[in-house]
file protein.cif (mmCIF, C-alpha atoms)
data_final
loop_
_atom_site.label_atom_id
_atom_site.label_comp_id
_atom_site.auth_asym_id
_atom_site.auth_seq_id
_atom_site.Cartn_x
_atom_site.Cartn_y
_atom_site.Cartn_z
CA MET A 1 218.16 191.68 80.74
CA GLU A 2 219.21 194.58 78.55
CA ILE A 3 220.11 197.61 80.69
CA ILE A 4 219.45 201.04 79.17
CA GLU A 5 220.86 203.90 81.24
CA ASN A 6 220.55 207.66 81.11
CA LEU A 7 223.08 209.48 83.27
CA THR A 8 221.31 212.86 83.02
CA VAL A 9 218.38 211.67 85.12
CA ASN A 10 220.40 208.84 86.69
CA GLU A 11 217.80 206.26 85.66
CA LYS A 12 218.07 202.70 84.36
CA VAL A 13 215.56 200.61 82.47
CA TYR A 14 215.91 196.84 82.65
CA LYS A 15 214.30 195.47 79.52
CA GLU A 16 213.65 191.88 78.50
CA LYS A 17 211.65 190.21 75.77
CA LEU A 18 210.35 186.97 77.26
CA GLU A 19 210.12 183.66 75.40
CA ASN A 20 206.39 184.19 74.80
CA GLY A 21 207.12 187.58 73.18
CA LEU A 22 206.06 189.87 76.06
CA THR A 23 208.36 192.87 76.54
CA VAL A 24 208.89 193.80 80.20
CA MET A 25 210.50 197.08 81.25
CA ILE A 26 211.51 197.54 84.89
CA ILE A 27 212.48 200.98 86.18
CA PRO A 28 213.79 200.77 89.77
CA LYS A 29 213.14 203.80 92.02
CA LYS A 30 215.00 203.34 95.28
CA ASN A 31 213.22 204.43 98.47
CA PHE A 32 209.93 205.17 96.68
CA GLU A 33 206.96 203.92 98.70
CA LYS A 34 204.57 203.69 95.77
CA LYS A 35 204.75 201.04 93.07
CA TYR A 36 203.20 201.26 89.62
CA VAL A 37 202.39 198.64 86.99
CA ILE A 38 200.95 199.23 83.54
CA TRP A 39 200.24 196.41 81.08
CA GLY A 40 199.36 197.40 77.55
CA THR A 41 198.47 195.89 74.23
CA HIS A 42 199.23 197.45 70.86
CA PHE A 43 195.54 197.60 69.99
CA GLY A 44 193.70 200.89 69.72
CA SER A 45 190.82 202.55 67.93
CA LEU A 46 192.78 202.76 64.66
CA ASP A 47 193.03 198.97 64.34
CA ASN A 48 189.74 198.22 62.62
CA GLU A 49 191.01 196.01 59.79
CA PHE A 50 193.68 193.33 60.02
CA VAL A 51 194.79 189.90 58.91
CA LEU A 52 194.37 187.09 61.45
CA PRO A 53 197.87 185.65 62.02
CA LYS A 54 196.72 182.02 62.28
CA THR A 55 194.31 181.85 59.34
CA GLY A 56 195.48 184.64 57.05
CA LYS A 57 191.89 185.84 56.83
CA THR A 58 191.27 189.60 56.60
CA ILE A 59 188.59 190.90 58.92
CA LYS A 60 187.04 194.33 59.46
CA ILE A 61 185.56 195.05 62.88
CA PRO A 62 183.04 197.68 64.05
CA ASP A 63 184.36 201.01 65.33
CA GLY A 64 184.90 201.07 69.09
CA VAL A 65 185.92 197.43 69.70
CA ALA A 66 189.23 198.19 71.46
CA HIS A 67 187.43 200.47 73.95
CA PHE A 68 184.54 198.00 74.36
CA LEU A 69 187.02 195.20 75.07
CA GLU A 70 188.76 197.33 77.70
CA HIS A 71 185.42 197.78 79.51
CA LYS A 72 184.63 194.06 79.41
CA MET A 73 187.98 192.77 80.67
CA PHE A 74 187.18 193.49 84.34
CA GLU A 75 184.12 191.22 84.48
CA GLN A 76 185.04 187.71 85.67
CA GLU A 77 183.25 184.37 85.31
CA ASN A 78 182.64 184.15 89.09
CA GLY A 79 180.59 187.38 88.91
CA VAL A 80 183.29 189.51 90.51
CA ASN A 81 184.50 192.78 88.97
CA SER A 82 188.29 193.03 89.15
CA LEU A 83 188.19 196.80 89.67
CA ASP A 84 186.23 196.19 92.88
CA VAL A 85 188.78 193.58 94.00
CA LEU A 86 191.68 195.97 93.38
CA SER A 87 189.86 198.77 95.16
CA SER A 88 189.29 196.52 98.20
CA LEU A 89 193.05 195.95 98.32
CA GLY A 90 193.56 199.69 98.71
CA VAL A 91 195.17 200.23 95.30
CA GLU A 92 194.30 202.78 92.65
CA ALA A 93 193.43 200.87 89.47
CA ASN A 94 192.27 202.00 86.05
CA ALA A 95 192.36 201.32 82.32
CA TYR A 96 192.23 203.40 79.16
CA THR A 97 192.10 203.10 75.37
CA THR A 98 193.90 205.38 72.92
CA ASN A 99 194.23 205.46 69.16
CA ASP A 100 197.11 202.96 69.20
CA HIS A 101 197.03 201.04 72.50
CA THR A 102 194.94 199.83 75.44
CA ALA A 103 196.37 199.74 78.96
CA TYR A 104 195.50 198.30 82.39
CA LEU A 105 197.23 199.71 85.45
CA PHE A 106 197.41 200.11 89.19
CA GLU A 107 199.40 202.10 91.74
CA SER A 108 199.88 200.84 95.28
CA THR A 109 201.75 201.30 98.52
CA ASP A 110 200.57 198.06 100.16
CA ASN A 111 199.26 194.71 98.88
CA PHE A 112 201.31 195.01 95.70
CA TYR A 113 201.64 191.31 94.91
CA GLU A 114 197.97 190.60 95.66
CA ALA A 115 197.11 193.39 93.21
CA LEU A 116 199.56 192.00 90.65
CA ASP A 117 197.81 188.61 91.00
CA GLU A 118 194.47 190.23 90.17
CA LEU A 119 195.78 192.36 87.28
CA MET A 120 197.54 189.46 85.59
CA ASP A 121 194.56 187.18 86.20
CA TYR A 122 191.84 189.34 84.66
CA VAL A 123 193.93 190.50 81.69
CA GLN A 124 194.68 186.87 80.80
CA HIS A 125 191.19 185.46 81.41
CA PRO A 126 188.46 187.22 79.41
CA TYR A 127 184.84 186.29 80.03
CA PHE A 128 182.31 187.35 77.41
CA THR A 129 178.71 186.17 77.14
CA ASP A 130 175.79 187.29 74.97
CA GLU A 131 174.17 188.76 78.09
CA ASN A 132 177.11 190.73 79.47
CA VAL A 133 178.01 192.09 76.02
CA GLU A 134 174.46 193.36 75.46
CA LYS A 135 174.39 194.94 78.91
CA GLU A 136 177.66 196.77 78.20
CA LYS A 137 176.23 198.32 75.03
CA GLY A 138 173.84 200.35 77.15
CA ILE A 139 176.63 201.55 79.45
CA ILE A 140 178.97 202.53 76.61
CA GLY A 141 176.05 204.06 74.72
CA GLN A 142 175.53 206.45 77.66
CA GLU A 143 179.25 207.30 77.59
CA ILE A 144 179.09 208.07 73.87
CA THR A 145 176.04 210.30 74.40
CA MET A 146 177.84 212.11 77.22
CA TYR A 147 180.82 212.88 74.96
CA ASP A 148 178.45 214.04 72.21
CA ASP A 149 177.48 216.80 74.65
CA HIS A 150 181.07 217.57 75.72
CA PRO A 151 182.26 220.79 73.97
CA GLY A 152 185.99 220.06 74.40
CA TRP A 153 185.68 216.58 72.89
CA GLN A 154 183.53 217.82 70.01
CA LEU A 155 186.09 220.55 69.34
CA TYR A 156 188.80 217.88 68.99
CA MET A 157 186.74 215.43 66.92
CA ASN A 158 185.69 218.22 64.53
CA ALA A 159 189.36 219.16 64.08
CA MET A 160 190.11 215.51 63.19
CA GLU A 161 187.20 215.57 60.74
CA CYS A 162 188.79 218.59 59.03
CA LEU A 163 192.33 217.19 59.02
CA TYR A 164 191.66 213.66 57.78
CA SER A 165 189.65 212.18 54.92
CA LYS A 166 190.08 208.46 55.57
CA ASN A 167 192.33 207.92 58.60
CA PRO A 168 190.32 206.22 61.39
CA ILE A 169 191.61 208.78 63.92
CA LYS A 170 188.59 210.84 62.84
CA ILE A 171 186.38 208.15 64.44
CA ASP A 172 185.60 208.42 68.16
CA VAL A 173 187.63 205.95 70.27
CA ALA A 174 184.34 204.64 71.74
CA GLY A 175 182.75 204.29 68.29
CA THR A 176 179.10 205.21 67.74
CA ILE A 177 175.89 203.78 69.16
CA GLU A 178 175.30 202.21 65.73
CA SER A 179 178.79 200.68 65.46
CA ILE A 180 178.82 199.15 68.96
CA SER A 181 175.42 197.56 68.26
CA LYS A 182 177.28 195.23 65.85
CA ILE A 183 179.73 193.98 68.52
CA ASP A 184 179.16 190.47 69.87
CA LYS A 185 181.18 188.04 71.98
CA GLU A 186 182.72 186.42 68.88
CA VAL A 187 184.13 189.78 67.74
CA LEU A 188 185.54 190.39 71.21
CA TYR A 189 187.15 186.94 71.51
CA ASN A 190 188.57 187.26 67.99
CA CYS A 191 190.20 190.59 68.84
CA TYR A 192 191.32 189.42 72.26
CA ASN A 193 192.99 186.29 70.89
CA THR A 194 194.71 188.33 68.18
CA PHE A 195 195.83 191.47 69.98
CA TYR A 196 196.16 190.31 73.60
CA HIS A 197 198.89 187.83 72.69
CA PRO A 198 202.07 188.49 74.74
CA SER A 199 204.03 189.22 71.55
CA ASN A 200 201.78 192.24 70.96
CA MET A 201 201.98 193.47 74.57
CA ALA A 202 204.36 195.27 76.91
CA MET A 203 204.48 195.75 80.67
CA VAL A 204 206.22 198.54 82.58
CA VAL A 205 206.92 198.26 86.32
CA CYS A 206 208.22 201.23 88.29
CA GLY A 207 209.10 201.35 92.01
CA ASP A 208 211.54 200.05 94.61
CA PHE A 209 212.17 196.63 93.04
CA ASN A 210 215.03 194.26 92.46
CA PRO A 211 214.73 193.78 88.66
CA GLU A 212 215.44 190.03 88.69
CA ASP A 213 212.97 189.38 91.51
CA ILE A 214 210.05 191.29 90.00
CA LEU A 215 210.72 189.77 86.57
CA ASN A 216 210.44 186.28 88.10
CA GLU A 217 207.19 187.27 89.82
CA ILE A 218 205.78 188.36 86.46
CA LYS A 219 206.95 185.20 84.70
CA ASN A 220 205.33 183.03 87.39
CA ARG A 221 201.95 184.67 86.75
CA LEU A 222 201.98 184.35 82.95
CA VAL A 223 199.64 181.92 81.24
CA SER A 224 201.27 179.76 78.56
CA LYS A 225 200.16 180.65 75.01
CA GLU A 226 201.01 179.29 71.59
CA GLU A 227 203.30 181.34 69.38
CA GLN A 228 201.62 183.80 67.05
CA GLY A 229 202.90 185.43 63.89
CA GLU A 230 202.96 189.15 63.26
CA ILE A 231 199.61 190.93 63.01
CA LYS A 232 199.21 192.66 59.66
CA ARG A 233 197.20 195.84 60.17
CA ILE A 234 195.40 197.44 57.24
CA TYR A 235 194.90 201.21 57.16
CA PRO A 236 193.30 203.32 54.42
CA GLU A 237 195.59 205.44 52.25
CA GLU A 238 195.36 208.97 53.64
CA PRO A 239 196.08 211.92 51.30
CA GLU A 240 198.56 214.56 52.46
CA SER A 241 195.98 217.30 51.95
CA ILE A 242 193.41 218.29 54.59
CA SER A 243 189.75 217.30 54.24
CA LYS A 244 188.15 220.71 54.89
CA LYS A 245 189.39 224.12 56.02
CA GLU A 246 187.16 224.81 59.01
CA ILE A 247 184.13 223.71 60.98
CA GLU A 248 181.91 225.57 63.44
CA LYS A 249 179.40 224.07 65.88
CA THR A 250 176.99 225.66 68.33
CA MET A 251 176.85 224.24 71.87
CA GLU A 252 176.25 225.37 75.44
CA VAL A 253 179.49 227.32 76.09
CA SER A 254 179.95 230.68 77.78
CA ASN A 255 182.91 231.63 75.55
CA PRO A 256 183.90 230.24 72.14
CA LEU A 257 186.42 227.38 72.06
CA PHE A 258 188.91 227.09 69.22
CA MET A 259 191.38 224.52 67.94
CA ILE A 260 193.88 225.39 65.23
CA ALA A 261 195.47 222.23 63.82
CA TYR A 262 198.21 221.49 61.28
CA LYS A 263 198.37 218.17 59.47
CA ASP A 264 201.83 216.68 59.41
CA VAL A 265 203.19 213.74 57.44
CA LEU A 266 205.76 211.60 59.23
CA ASP A 267 208.52 210.22 57.09
CA LYS A 268 209.12 206.65 58.26
CA ASN A 269 212.88 207.30 58.24
CA GLU A 270 212.94 210.62 60.08
CA ASN A 271 213.79 211.06 63.75
CA LYS A 272 210.32 211.38 65.31
CA VAL A 273 211.70 212.45 68.69
CA LYS A 274 213.91 215.18 67.26
CA LYS A 275 210.98 216.55 65.30
CA HIS A 276 208.72 216.41 68.36
CA ILE A 277 211.21 218.46 70.41
CA ALA A 278 211.51 221.08 67.65
CA ILE A 279 207.72 221.41 67.38
CA GLN A 280 207.39 221.79 71.16
CA ILE A 281 209.93 224.64 71.00
CA LEU A 282 208.05 226.27 68.11
CA LEU A 283 204.69 226.05 69.87
CA GLU A 284 206.10 227.75 72.98
CA LEU A 285 207.73 230.45 70.81
CA LEU A 286 204.52 231.06 68.90
CA LEU A 287 201.86 231.07 71.60
CA GLY A 288 203.39 229.87 74.89
CA ALA A 289 202.91 231.85 78.12
CA SER A 290 206.14 233.85 77.60
CA SER A 291 205.56 234.62 73.90
CA PRO A 292 204.83 238.19 72.69
CA LEU A 293 201.76 237.00 70.77
CA TYR A 294 200.21 235.38 73.85
CA LYS A 295 200.82 238.56 75.86
CA GLU A 296 199.27 240.71 73.12
CA MET A 297 196.21 238.48 72.65
CA TYR A 298 195.65 238.10 76.40
CA GLU A 299 195.95 241.83 77.14
CA GLN A 300 193.55 242.65 74.31
CA GLY A 301 191.07 240.11 75.65
CA TYR A 302 191.18 237.78 72.66
CA LEU A 303 192.77 234.93 74.59
CA LEU A 304 190.96 234.14 77.83
CA ASN A 305 193.48 231.62 79.13
CA GLU A 306 196.82 230.04 78.31
CA PRO A 307 196.27 227.81 75.25
CA ASP A 308 196.99 224.08 75.15
CA LEU A 309 199.87 223.30 72.77
CA GLU A 310 200.36 219.72 71.58
CA TYR A 311 201.97 217.56 68.94
CA GLU A 312 200.18 214.21 68.62
CA PHE A 313 201.67 211.43 66.54
CA SER A 314 201.77 207.68 66.10
CA ASN A 315 202.94 205.46 63.28
CA GLU A 316 199.82 206.36 61.29
CA TYR A 317 199.20 210.10 61.86
CA ALA A 318 200.75 213.33 63.09
CA HIS A 319 199.32 216.77 63.79
CA VAL A 320 199.88 219.98 65.75
CA LEU A 321 197.07 221.21 68.03
CA ILE A 322 196.62 224.72 69.46
CA SER A 323 193.44 225.18 71.50
CA GLY A 324 191.88 227.54 74.00
CA ASN A 325 189.09 230.04 74.72
CA SER A 326 188.70 233.24 72.72
CA LYS A 327 186.01 235.85 72.22
CA ASP A 328 187.03 235.83 68.52
CA PRO A 329 188.90 232.71 67.29
CA LYS A 330 189.32 234.23 63.80
CA VAL A 331 191.53 236.97 65.29
CA ILE A 332 193.76 234.36 66.97
CA ASP A 333 193.95 232.44 63.70
CA LYS A 334 194.88 235.57 61.71
CA ARG A 335 197.51 236.79 64.18
CA LEU A 336 199.06 233.32 64.45
CA ASN A 337 199.38 233.20 60.65
CA GLU A 338 201.11 236.58 60.69
CA GLN A 339 203.51 235.51 63.45
CA ILE A 340 204.44 232.31 61.60
CA LYS A 341 205.04 234.26 58.40
CA TYR A 342 207.21 236.75 60.30
CA LEU A 343 209.36 233.99 61.86
CA ILE A 344 209.75 232.19 58.53
CA GLU A 345 210.89 235.41 56.84
CA ASN A 346 213.14 236.67 59.65
CA GLY A 347 214.21 233.48 61.42
CA ILE A 348 213.80 232.57 65.10
CA CYS A 349 215.66 234.71 67.65
CA LYS A 350 218.58 232.63 68.97
CA GLU A 351 218.15 233.82 72.58
CA ASP A 352 214.43 232.93 72.57
CA PHE A 353 215.22 229.54 71.04
CA GLU A 354 217.82 228.70 73.71
CA ARG A 355 215.55 229.88 76.54
CA ILE A 356 212.57 227.80 75.44
CA LYS A 357 214.76 224.79 74.68
CA LYS A 358 216.11 224.83 78.26
CA LYS A 359 212.57 225.16 79.64
CA ILE A 360 211.42 222.08 77.72
CA TYR A 361 214.47 220.12 78.82
CA GLY A 362 213.61 220.96 82.44
CA GLU A 363 210.10 219.59 81.89
CA TYR A 364 211.56 216.32 80.56
CA ILE A 365 213.71 216.00 83.68
CA THR A 366 210.83 216.60 86.12
CA GLU A 367 208.76 213.82 84.50
CA TYR A 368 211.15 211.36 86.15
CA ASN A 369 209.94 212.43 89.61
CA SER A 370 206.63 210.59 89.15
CA ILE A 371 206.45 206.80 88.83
CA SER A 372 203.09 207.01 87.05
CA GLU A 373 204.43 209.54 84.52
CA ILE A 374 207.50 207.38 83.89
CA ALA A 375 205.58 204.13 83.40
CA ARG A 376 202.88 205.55 81.14
CA MET A 377 205.47 207.44 79.11
CA PHE A 378 207.64 204.36 78.52
CA LEU A 379 204.63 202.26 77.49
CA ALA A 380 203.19 204.82 75.06
CA ASP A 381 206.61 205.52 73.53
CA TYR A 382 207.35 201.79 73.20
CA PHE A 383 204.32 201.30 70.96
CA LYS A 384 205.62 204.17 68.79
CA GLY A 385 208.99 202.47 68.46
CA ILE A 386 210.68 204.94 70.81
CA CYS A 387 212.62 204.64 74.07
CA SER A 388 211.61 207.54 76.33
CA PHE A 389 215.27 208.28 77.04
CA ASP A 390 215.50 209.28 73.36
CA TYR A 391 214.05 212.69 74.27
CA LEU A 392 216.98 213.39 76.58
CA GLU A 393 219.49 211.91 74.12
CA SER A 394 218.13 213.82 71.09
CA TYR A 395 217.85 217.17 72.86
CA ASN A 396 221.29 218.47 71.80
CA THR A 397 220.72 217.49 68.16
CA VAL A 398 217.87 220.02 67.84
CA THR A 399 219.54 223.10 66.40
CA LEU A 400 218.19 226.55 65.56
CA GLU A 401 218.64 225.77 61.84
CA TYR A 402 216.73 222.51 62.12
CA THR A 403 213.90 224.19 64.06
CA ASN A 404 213.62 226.96 61.45
CA GLN A 405 213.27 224.26 58.79
CA ILE A 406 210.56 222.40 60.76
CA LEU A 407 208.66 225.69 61.06
CA LYS A 408 208.59 225.96 57.25
CA ASP A 409 207.76 222.27 56.74
CA VAL A 410 204.99 221.82 59.31
CA PHE A 411 203.27 225.17 59.91
CA VAL A 412 201.90 225.40 56.38
CA GLU A 413 198.74 227.40 55.66
CA ASP A 414 197.40 224.75 53.24
CA LYS A 415 197.68 222.09 55.98
CA LYS A 416 195.90 224.17 58.64
CA VAL A 417 192.31 223.78 59.88
CA LEU A 418 190.15 225.68 62.36
CA SER A 419 187.56 224.06 64.63
CA VAL A 420 185.28 226.35 66.66
CA ILE A 421 182.59 225.70 69.26
CA LYS A 422 180.50 228.82 69.78
CA GLY A 423 177.69 229.58 72.23
CA ASN A 424 174.00 230.04 71.47
CA ASN A 425 173.99 233.78 72.16
#

call {"tool": "encode", "arguments": {"input": "protein.cif", "output": "structure tokens"}}
result
Amino acid sequence: MEIIENLTVNEKVYKEKLENGLTVMIIPKKNFEKKYVIWGTHFGSLDNEFVLPKTGKTIKIPDGVAHFLEHKMFEQENGVNSLDVLSSLGVEANAYTTNDHTAYLFESTDNFYEALDELMDYVQHPYFTDENVEKEKGIIGQEITMYDDHPGWQLYMNAMECLYSKNPIKIDVAGTIESISKIDKEVLYNCYNTFYHPSNMAMVVCGDFNPEDILNEIKNRLVSKEEQGEIKRIYPEEPESISKKEIEKTMEVSNPLFMIAYKDVLDKNENKVKKHIAIQILLELLLGASSPLYKEMYEQGYLLNEPDLEYEFSNEYAHVLISGNSKDPKVIDKRLNEQIKYLIENGICKEDFERIKKKIYGEYITEYNSISEIARMFLADYFKGICSFDYLESYNTVTLEYTNQILKDVFVEDKKVLSVIKGNN
């Protein structure tokens, strides 16, 4: 096994790519009672068109298949639901689908190996029938309808609609009621056999384990599969420009919600981690809890709570998100523009930069106190081509000069959109 070590947090990752292509990462945590396993496939809502590795045939699938497949994986041929089995063992189990991956997980104190048996059994043995696929359409349809009425989710999806013209990130992870109506068992088996191949998957195990022992336990539970070539994914060509400047929707909210977003373009050769750190610093400087602008907007009643500040990126998209509650989102938008312009013209204060940089570093360190945070982080970063330790390693390379340049490159007025959800009154 390859051993990757970070002395700052005194952590080691034991990493091995097995003969069948599965990447396993083991992060030992001595004297931790809880154990955590997450098994993911590099298949998310973006992956709607691809070339089948075995036949070379290009296929386009309905929106929402990755999420639909995640729902169906728990149902077994014997009529048992694997989530119920895991729950009966006293473990906390779940699954989720993102834009770029799907993951199955559990956390346990007792009955770990029994739970591992169940996890590795259901993920490797799909069972789809015409009847159970049709039944699931009703369940997922209700979920889609629920999110249609969720102001926070609509705020986000409207921002994506403004940012992107063609990128499938603007499509809901669950798809639409119309798109899921086109899903059948053949579509599900096709996607399962393509994307749930070990060579397209990774597993992260975190807890008090001997790396060799737990790796052997995993190997013993793997089903033999034929080799598969690389999956060629097809994505539409997305322009660098935004799709529309702003969007406003009326829903049942007591105070308006806003999301200010900046479209970014990731250079394939640039250091994604370094850029992420710089943007986190900039967001805290601009509108974090200790920033002058946050204090001003809060005291004047324009900001009703501390805003959420995020930089989302994968291999196919990147954007900055600033969201919160405001009695007048246009005022927040205007004042943020003015603050960005001021910092571009005058430069970032060195003392503020160093203070925020240390704060962010402290947050990176504390993530290693939670086995669930560690495991999910390593899996998500792996599918982005990153080792999570890179954030600690790249920290010192983020200079004031570099951060000033990122401010000019990313926080551009022409790449900014505004999404607002306002109330009926």

call {"tool": "closest_residue", "arguments": {"input": "protein.cif", "among": "A:Tyr96, A:Tyr361, A:Tyr294, A:Phe68", "to": "Ala174 in chain A", "atoms": "all atoms listed in the file"}}
result
A:Phe68

call {"tool": "resolve_selection", "arguments": {"input": "protein.cif", "expression": "the PyMOL selection byres ((chain A and resi 258) around 8)", "output": "VMD selection string"}}
result
chain A and resid 155 256 to 257 259 to 260 323 to 326 329 418 to 421

call {"tool": "resolve_selection", "arguments": {"input": "protein.cif", "expression": "the PyMOL selection byres ((chain A and resi 182-191) around 7)", "output": "PyMOL selection string"}}
result
chain A and resi 62+69+128-130+133+179-181+192-195

call {"tool": "atom_distance", "arguments": {"input": "protein.cif", "atom1": "CA of Met25 in chain A", "atom2": "CA of Asp390 in chain A"}}
result
15.4 Å

call {"tool": "closest_residue", "arguments": {"input": "protein.cif", "among": "A:Asn210, A:Ser88, A:Asn6, A:Thr102", "to": "Gly44 in chain A", "atoms": "all atoms listed in the file"}}
result
A:Thr102

call {"tool": "closest_residue", "arguments": {"input": "protein.cif", "among": "A:Met201, A:Ile277, A:Cys206, A:Ile386", "to": "Ser314 in chain A", "atoms": "only C-alpha atoms"}}
result
A:Ile386

call {"tool": "closest_residue", "arguments": {"input": "protein.cif", "among": "A:Ala66, A:Leu407, A:Val123, A:Val9", "to": "Ser45 in chain A", "atoms": "all atoms listed in the file"}}
result
A:Ala66

call {"tool": "closest_residue", "arguments": {"input": "protein.cif", "among": "A:Glu19, A:Tyr127, A:Ser290, A:Ala278", "to": "Gly79 in chain A", "atoms": "all atoms listed in the file"}}
result
A:Tyr127

call {"tool": "resolve_selection", "arguments": {"input": "protein.cif", "expression": "the PyMOL selection byres ((chain A and resi 30) around 10)", "output": "list in words"}}
result
Ile27, Pro28, Lys29, Asn31, Phe32, Glu33, Cys206, Gly207, Asp208, Phe209 and Asn210 of chain A

call {"tool": "write_last_selection", "arguments": {"input": "protein.cif", "atoms": "C-alpha atoms", "output": "compact mmCIF listing (two decimals), in the coordinates of the input"}}
result
# COMPACT_ATOMS: atom_id res chain seq x y z
CA ILE A 27 212.48 200.98 86.18
CA PRO A 28 213.79 200.77 89.77
CA LYS A 29 213.14 203.80 92.02
CA ASN A 31 213.22 204.43 98.47
CA PHE A 32 209.93 205.17 96.68
CA GLU A 33 206.96 203.92 98.70
CA CYS A 206 208.22 201.23 88.29
CA GLY A 207 209.10 201.35 92.01
CA ASP A 208 211.54 200.05 94.61
CA PHE A 209 212.17 196.63 93.04
CA ASN A 210 215.03 194.26 92.46

call {"tool": "atom_distance", "arguments": {"input": "protein.cif", "atom1": "CA of Ser388 in chain A", "atom2": "CA of Glu11 in chain A"}}
result
11.3 Å

call {"tool": "closest_residue", "arguments": {"input": "protein.cif", "among": "A:Ile26, A:Ile231, A:Ile365, A:Val412", "to": "Glu212 in chain A", "atoms": "only C-alpha atoms"}}
result
A:Ile26

call {"tool": "atom_distance", "arguments": {"input": "protein.cif", "atom1": "CA of Lys72 in chain A", "atom2": "CA of Ser370 in chain A"}}
result
29.2 Å

call {"tool": "residues_around", "arguments": {"input": "protein.cif", "residues": "Lys357 in chain A", "least_positions_apart": "3", "cutoff": "9 Å", "atoms": "all atoms listed in the file", "output": "VMD selection string"}}
result
chain A and resid 277 to 278 280 to 281 352 to 354 360 to 362 395 398

call {"tool": "residues_around", "arguments": {"input": "protein.cif", "residues": "Leu116 in chain A", "least_positions_apart": "4", "cutoff": "12 Å", "atoms": "only C-alpha atoms", "output": "PyMOL selection string"}}
result
chain A and resi 35-39+82+85-86+89+91+93+104-108+110-112+120-123+203+205+214+217-222

call {"tool": "residues_around", "arguments": {"input": "protein.cif", "residues": "Cys349 in chain A", "least_positions_apart": "2", "cutoff": "12 Å", "atoms": "all atoms listed in the file", "output": "PyMOL selection string"}}
result
chain A and resi 282+285-286+291+342-347+351-356+400-401+403-404

call {"tool": "residues_around", "arguments": {"input": "protein.cif", "residues": "Met160 in chain A", "least_positions_apart": "5", "cutoff": "12 Å", "atoms": "only C-alpha atoms", "output": "PDB file with C-alpha atoms, keeping the file's coordinate frame"}}
result
ATOM      1  CA  TRP A 153     185.680 216.580  72.890  1.00  0.00           C
ATOM      2  CA  GLN A 154     183.530 217.820  70.010  1.00  0.00           C
ATOM      3  CA  LEU A 155     186.090 220.550  69.340  1.00  0.00           C
ATOM      4  CA  SER A 165     189.650 212.180  54.920  1.00  0.00           C
ATOM      5  CA  LYS A 166     190.080 208.460  55.570  1.00  0.00           C
ATOM      6  CA  ASN A 167     192.330 207.920  58.600  1.00  0.00           C
ATOM      7  CA  PRO A 168     190.320 206.220  61.390  1.00  0.00           C
ATOM      8  CA  ILE A 169     191.610 208.780  63.920  1.00  0.00           C
ATOM      9  CA  LYS A 170     188.590 210.840  62.840  1.00  0.00           C
ATOM     10  CA  ILE A 171     186.380 208.150  64.440  1.00  0.00           C
ATOM     11  CA  ASP A 172     185.600 208.420  68.160  1.00  0.00           C
ATOM     12  CA  ILE A 242     193.410 218.290  54.590  1.00  0.00           C
ATOM     13  CA  SER A 243     189.750 217.300  54.240  1.00  0.00           C
ATOM     14  CA  LYS A 244     188.150 220.710  54.890  1.00  0.00           C
ATOM     15  CA  LYS A 245     189.390 224.120  56.020  1.00  0.00           C
ATOM     16  CA  GLU A 246     187.160 224.810  59.010  1.00  0.00           C
ATOM     17  CA  ILE A 247     184.130 223.710  60.980  1.00  0.00           C
ATOM     18  CA  MET A 259     191.380 224.520  67.940  1.00  0.00           C
ATOM     19  CA  ILE A 260     193.880 225.390  65.230  1.00  0.00           C
ATOM     20  CA  ALA A 261     195.470 222.230  63.820  1.00  0.00           C
ATOM     21  CA  TYR A 262     198.210 221.490  61.280  1.00  0.00           C
ATOM     22  CA  LYS A 263     198.370 218.170  59.470  1.00  0.00           C
ATOM     23  CA  GLU A 312     200.180 214.210  68.620  1.00  0.00           C
ATOM     24  CA  TYR A 317     199.200 210.100  61.860  1.00  0.00           C
ATOM     25  CA  ALA A 318     200.750 213.330  63.090  1.00  0.00           C
ATOM     26  CA  HIS A 319     199.320 216.770  63.790  1.00  0.00           C
ATOM     27  CA  VAL A 320     199.880 219.980  65.750  1.00  0.00           C
ATOM     28  CA  LEU A 321     197.070 221.210  68.030  1.00  0.00           C
ATOM     29  CA  LYS A 416     195.900 224.170  58.640  1.00  0.00           C
ATOM     30  CA  VAL A 417     192.310 223.780  59.880  1.00  0.00           C
ATOM     31  CA  LEU A 418     190.150 225.680  62.360  1.00  0.00           C
ATOM     32  CA  SER A 419     187.560 224.060  64.630  1.00  0.00           C
TER      33      SER A 419
END

call {"tool": "residues_around", "arguments": {"input": "protein.cif", "residues": "Tyr147 in chain A", "least_positions_apart": "2", "cutoff": "12 Å", "atoms": "all atoms listed in the file", "output": "JSON, numbers by chain"}}
result
{"A": [140, 141, 142, 143, 144, 145, 149, 150, 151, 152, 153, 154, 155, 156, 157, 172, 173, 174, 175, 176, 177]}
